[in-house]
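Here the structure comes first, spelled out in structure tokens, and everything after it is commentary.
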Amino acid sequence: MDEEGVAASTGDEMPLPSVSSAADGTHDFDFNFGGWKTHIHRLQKPLTGSGTWTDYDGTSVVSKVWGGRASLFELEASGPAGHLEGVGLRLFNAQSHQWSLNWANSTDSVMTTPMVGRFVHGLGQFYDHEEFQGRIIMARNSFSAITPNSSRFEQAFSEDAGKTWETNWIMTFNQ
């Protein structure tokens with residue numbers, strides 16, 4: 001277990017093809033299609049120095065759109081801090097060979113700033129600049145530990161232009 005109480009990687013991850021070895025990157029998210037048991041480990045107050053985490057359990061469903069060049073991610077989970085519902089739209093840009101990750105939750109139903117990035121050697125990393133509590137920060141979403149039956153997602157924030165990162169959301173997917 002790591003310091004947040006999440007099981008460490010087992011080392012049996014199946015790497016995804018890098019952009020150079022994949023035909024063009026359009027199948028980077030194929031591992032995620034289908035239904036998943038989803039566990040969320042969430043930092044309650046990001047960028048405050050708090051170490052208080054809360055957990056949620058639920059399900060997510062990822063549907064293929066446009067033959068895999070896009071996908072729709074639907075999340076529903078509950079825990080001691082309440083109920084979460086969200087939807088993500090992932091879109092592949094054939095010119096840049098990058099994905100944009102677009103997110104909305106049921107609380108405010110507003111699409112967030114798209115995060116942009118790609119998968120390289122089995123690790124997907126996506127970045128944006130966004131407003132958080134009245135200031136502009138960098139945000140990073142990562143996909144890792146990908147096996148045929150599981151994967152891991154992490155969100156982290158940086159207040160210092162990416163020099164340091166605070167992980168604030170960890171999601172594990174299992175079938």
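Following the order of the structure tokens, first chain is A, next is B, and so on, with residues numbered from 1 inside each chain and ligands from 1 in the order they appear.
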Fewer than 2 positions away in the same chain doesn't count, so skip those; otherwise give me all residues within 10 Å of region 39-56 of chain A, counting only C-alpha atoms, as a PDB file with C-alpha atoms, in the first residue's frame.
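Output saved as part13.pdb:
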ATOM      1  CA  GLU A   4      -2.822   7.084   0.507  1.00  0.00           C
ATOM      2  CA  GLY A   5      -3.739   3.482   1.312  1.00  0.00           C
ATOM      3  CA  VAL A   6      -3.972   2.399  -2.337  1.00  0.00           C
ATOM      4  CA  TRP A  36     -16.104  -1.517 -14.619  1.00  0.00           C
ATOM      5  CA  LYS A  37     -16.314  -1.684 -10.843  1.00  0.00           C
ATOM      6  CA  GLY A  58     -19.543   2.565  -7.914  1.00  0.00           C
ATOM      7  CA  THR A  59     -19.518   1.693 -11.568  1.00  0.00           C
ATOM      8  CA  SER A  60     -18.394   3.179 -14.819  1.00  0.00           C
ATOM      9  CA  GLU A  76     -21.682   6.842 -10.826  1.00  0.00           C
ATOM     10  CA  ALA A  77     -20.326   6.290  -7.297  1.00  0.00           C
ATOM     11  CA  SER A  78     -21.305   6.807  -3.666  1.00  0.00           C
ATOM     12  CA  GLY A  79     -19.416   7.111  -0.398  1.00  0.00           C
ATOM     13  CA  PRO A  80     -19.452   8.820   3.000  1.00  0.00           C
ATOM     14  CA  ALA A  81     -19.059  12.245   1.364  1.00  0.00           C
ATOM     15  CA  GLY A  82     -22.049  11.760  -0.963  1.00  0.00           C
ATOM     16  CA  HIS A  83     -22.939  10.686  -4.471  1.00  0.00           C
ATOM     17  CA  LEU A  84     -20.947  11.425  -7.643  1.00  0.00           C
ATOM     18  CA  PHE A 132      -9.278  26.311  -9.180  1.00  0.00           C
ATOM     19  CA  GLN A 133     -10.514  28.302  -6.187  1.00  0.00           C
ATOM     20  CA  ARG A 152      -5.645   3.138 -12.739  1.00  0.00           C
ATOM     21  CA  PHE A 153      -6.448   6.831 -13.188  1.00  0.00           C
ATOM     22  CA  GLU A 154      -4.912   9.714 -11.221  1.00  0.00           C
ATOM     23  CA  GLN A 155      -5.575  13.427 -11.190  1.00  0.00           C
ATOM     24  CA  ALA A 156      -2.991  15.835  -9.794  1.00  0.00           C
ATOM     25  CA  PHE A 157      -2.759  19.629  -9.449  1.00  0.00           C
ATOM     26  CA  SER A 158       0.287  21.898  -9.583  1.00  0.00           C
ATOM     27  CA  GLU A 159       0.503  25.484  -8.342  1.00  0.00           C
ATOM     28  CA  TRP A 165       2.255  17.854  -8.164  1.00  0.00           C
ATOM     29  CA  GLU A 166      -0.339  16.959  -5.543  1.00  0.00           C
ATOM     30  CA  THR A 167      -2.400  13.882  -6.391  1.00  0.00           C
ATOM     31  CA  ASN A 168      -6.017  14.475  -5.384  1.00  0.00           C
ATOM     32  CA  TRP A 169      -8.079  11.801  -7.132  1.00  0.00           C
ATOM     33  CA  ILE A 170      -7.228   8.128  -7.674  1.00  0.00           C
ATOM     34  CA  MET A 171      -9.623   5.848  -9.495  1.00  0.00           C
ATOM     35  CA  THR A 172      -9.137   2.127  -9.967  1.00  0.00           C
ATOM     36  CA  PHE A 173     -11.145   0.095 -12.450  1.00  0.00           C
ATOM     37  CA  ASN A 174     -11.675  -3.657 -12.120  1.00  0.00           C
TER      38      ASN A 174
END
Query - DSSP strand (DSSP E) residues within region 56-124 of chain A, as a PyMOL selection string - result: chain A and resi 56-65+70-79+82-93+98-105+115-120+123-124
Those selected residues, please, written with N, CA and C atoms and delivered as a tab-separated table (two decimals), in the first residue's frame.
chain	number	residue	atom	x	y	z
A	56	TYR	N	-15.13	6.33	-2.43
A	56	TYR	CA	-16.41	6.08	-3.09
A	56	TYR	C	-16.29	4.77	-3.85
A	57	ASP	N	-17.39	4.06	-3.97
A	57	ASP	CA	-17.45	2.87	-4.81
A	57	ASP	C	-18.64	2.99	-5.75
A	58	GLY	N	-18.45	2.50	-6.95
A	58	GLY	CA	-19.54	2.56	-7.91
A	58	GLY	C	-19.19	1.83	-9.18
A	59	THR	N	-19.74	2.31	-10.27
A	59	THR	CA	-19.52	1.69	-11.57
A	59	THR	C	-19.22	2.76	-12.61
A	60	SER	N	-18.57	2.32	-13.65
A	60	SER	CA	-18.39	3.18	-14.82
A	60	SER	C	-18.58	2.33	-16.06
A	61	VAL	N	-19.03	2.99	-17.11
A	61	VAL	CA	-19.25	2.35	-18.41
A	61	VAL	C	-18.59	3.22	-19.46
A	62	VAL	N	-17.78	2.61	-20.31
A	62	VAL	CA	-17.12	3.34	-21.39
A	62	VAL	C	-17.61	2.75	-22.71
A	63	SER	N	-18.20	3.62	-23.53
A	63	SER	CA	-18.78	3.20	-24.81
A	63	SER	C	-17.95	3.74	-25.96
A	64	LYS	N	-17.78	2.90	-26.98
A	64	LYS	CA	-17.06	3.28	-28.19
A	64	LYS	C	-17.94	4.19	-29.04
A	65	VAL	N	-17.34	5.26	-29.53
A	65	VAL	CA	-18.01	6.20	-30.43
A	65	VAL	C	-17.11	6.39	-31.65
A	70	ALA	N	-13.43	8.11	-30.55
A	70	ALA	CA	-14.01	8.85	-29.44
A	70	ALA	C	-14.61	7.82	-28.49
A	71	SER	N	-14.81	8.22	-27.25
A	71	SER	CA	-15.49	7.34	-26.31
A	71	SER	C	-16.25	8.18	-25.29
A	72	LEU	N	-17.28	7.57	-24.75
A	72	LEU	CA	-18.11	8.22	-23.74
A	72	LEU	C	-17.92	7.46	-22.44
A	73	PHE	N	-17.50	8.16	-21.40
A	73	PHE	CA	-17.24	7.59	-20.08
A	73	PHE	C	-18.34	8.06	-19.13
A	74	GLU	N	-19.06	7.12	-18.51
A	74	GLU	CA	-20.12	7.45	-17.56
A	74	GLU	C	-19.75	6.87	-16.20
A	75	LEU	N	-19.79	7.72	-15.16
A	75	LEU	CA	-19.39	7.34	-13.82
A	75	LEU	C	-20.52	7.60	-12.83
A	76	GLU	N	-20.75	6.65	-11.94
A	76	GLU	CA	-21.68	6.84	-10.83
A	76	GLU	C	-21.09	6.13	-9.62
A	77	ALA	N	-20.93	6.87	-8.50
A	77	ALA	CA	-20.33	6.29	-7.30
A	77	ALA	C	-20.88	6.99	-6.06
A	78	SER	N	-20.84	6.26	-4.94
A	78	SER	CA	-21.31	6.81	-3.67
A	78	SER	C	-20.31	6.47	-2.58
A	79	GLY	N	-20.29	7.32	-1.54
A	79	GLY	CA	-19.42	7.11	-0.40
A	79	GLY	C	-19.86	8.00	0.74
A	82	GLY	N	-20.93	11.51	-0.06
A	82	GLY	CA	-22.05	11.76	-0.96
A	82	GLY	C	-22.02	10.91	-2.22
A	83	HIS	N	-22.74	11.40	-3.21
A	83	HIS	CA	-22.94	10.69	-4.47
A	83	HIS	C	-22.29	11.48	-5.60
A	84	LEU	N	-21.60	10.80	-6.50
A	84	LEU	CA	-20.95	11.42	-7.64
A	84	LEU	C	-21.53	10.87	-8.93
A	85	GLU	N	-21.78	11.75	-9.89
A	85	GLU	CA	-22.14	11.35	-11.25
A	85	GLU	C	-21.36	12.24	-12.20
A	86	GLY	N	-20.77	11.63	-13.21
A	86	GLY	CA	-20.03	12.41	-14.17
A	86	GLY	C	-20.03	11.74	-15.52
A	87	VAL	N	-19.66	12.53	-16.52
A	87	VAL	CA	-19.58	12.02	-17.88
A	87	VAL	C	-18.35	12.63	-18.55
A	88	GLY	N	-17.62	11.78	-19.26
A	88	GLY	CA	-16.45	12.25	-19.98
A	88	GLY	C	-16.57	11.92	-21.45
A	89	LEU	N	-16.14	12.83	-22.27
A	89	LEU	CA	-16.09	12.62	-23.71
A	89	LEU	C	-14.63	12.72	-24.13
A	90	ARG	N	-14.11	11.64	-24.70
A	90	ARG	CA	-12.73	11.61	-25.16
A	90	ARG	C	-12.72	11.65	-26.67
A	91	LEU	N	-11.94	12.55	-27.23
A	91	LEU	CA	-11.92	12.75	-28.68
A	91	LEU	C	-10.49	12.67	-29.21
A	92	PHE	N	-10.30	11.90	-30.28
A	92	PHE	CA	-8.98	11.76	-30.89
A	92	PHE	C	-8.82	12.75	-32.03
A	93	ASN	N	-7.71	13.48	-32.04
A	93	ASN	CA	-7.39	14.42	-33.11
A	93	ASN	C	-6.38	13.74	-34.04
A	98	GLN	N	-3.29	13.30	-30.77
A	98	GLN	CA	-3.53	13.52	-29.35
A	98	GLN	C	-5.01	13.37	-29.06
A	99	TRP	N	-5.28	13.10	-27.80
A	99	TRP	CA	-6.65	13.00	-27.30
A	99	TRP	C	-6.99	14.24	-26.49
A	100	SER	N	-8.26	14.65	-26.55
A	100	SER	CA	-8.76	15.65	-25.60
A	100	SER	C	-9.75	14.94	-24.69
A	101	LEU	N	-9.62	15.21	-23.39
A	101	LEU	CA	-10.51	14.64	-22.39
A	101	LEU	C	-11.41	15.76	-21.89
A	102	ASN	N	-12.70	15.58	-22.04
A	102	ASN	CA	-13.69	16.59	-21.67
A	102	ASN	C	-14.56	16.00	-20.58
A	103	TRP	N	-14.87	16.76	-19.53
A	103	TRP	CA	-15.53	16.23	-18.35
A	103	TRP	C	-16.64	17.16	-17.87
A	104	ALA	N	-17.72	16.57	-17.40
A	104	ALA	CA	-18.79	17.32	-16.73
A	104	ALA	C	-19.33	16.46	-15.60
A	105	ASN	N	-19.75	17.10	-14.52
A	105	ASN	CA	-20.39	16.36	-13.43
A	105	ASN	C	-21.82	16.83	-13.28
A	115	MET	N	-8.52	18.51	-21.39
A	115	MET	CA	-7.13	18.13	-21.13
A	115	MET	C	-6.63	17.46	-22.39
A	116	VAL	N	-5.39	17.73	-22.77
A	116	VAL	CA	-4.85	17.23	-24.03
A	116	VAL	C	-3.58	16.44	-23.76
A	117	GLY	N	-3.44	15.31	-24.46
A	117	GLY	CA	-2.23	14.50	-24.31
A	117	GLY	C	-2.32	13.23	-25.11
A	118	ARG	N	-1.48	12.26	-24.73
A	118	ARG	CA	-1.40	10.99	-25.47
A	118	ARG	C	-0.83	9.90	-24.59
A	119	PHE	N	-0.83	8.69	-25.12
A	119	PHE	CA	-0.22	7.54	-24.47
A	119	PHE	C	1.17	7.32	-25.06
A	120	VAL	N	2.14	7.07	-24.20
A	120	VAL	CA	3.49	6.71	-24.61
A	120	VAL	C	3.95	5.59	-23.68
A	123	LEU	N	1.59	4.62	-20.74
A	123	LEU	CA	1.19	5.67	-19.80
A	123	LEU	C	0.52	6.80	-20.57
A	124	GLY	N	-0.72	7.10	-20.21
A	124	GLY	CA	-1.42	8.22	-20.83
A	124	GLY	C	-1.34	9.42	-19.92
Query raised in the report: Between A:Gly122, A:Glu131, A:Thr112, A:Lys163, which one has atoms that come closest to Ile146 (chain A), using only C-alpha atoms?
Result: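 For Ile146 (chain A), the nearest of the candidates is A:Gly122.
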Query - Shortest interatomic distance to Thr38 (chain A) - which of A:Asn149, A:His97, A:Ile137, A:Gly162, counting only C-alpha atoms - result: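 Going through A:Asn149, A:His97, A:Ile137, A:Gly162 one by one, the smallest distance to Thr38 (chain A) is for A:Asn149.
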Query - Test item: residues at most 8 Å from His129 (chain A), only C-alpha atoms, excluding those fewer than 3 positions along its chain, as a list in words - result: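 Within the cut-off, the hits are Thr113, Ile136, Ile137, Met138 and Ala139 of chain A.
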Query raised in the report: By how many Å are CA of Phe29 (chain A) and CA of Gly68 (chain A) apart?
Result: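 A separation of 7.7 Å between them.
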**Report entry** Two-atom distance - CA of Gly34 (chain A), CA of Gly67 (chain A) (Å)
**Finding:**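 Value for the CA of Gly34 (chain A)-CA of Gly67 (chain A) distance: 14.2 Å.
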Requested in this report: Would you please work out which residue, of A:Pro114, A:Gly25, A:Gly134, A:Gly35, is nearest to Ser96 (chain A) when using only C-alpha atoms?
Outcome: A:Gly25
Query raised in the report: To one decimal place, how far is CA of Ala94 (chain A) from CA of Gln125 (chain A) in Å?
Result: 17.3 Å
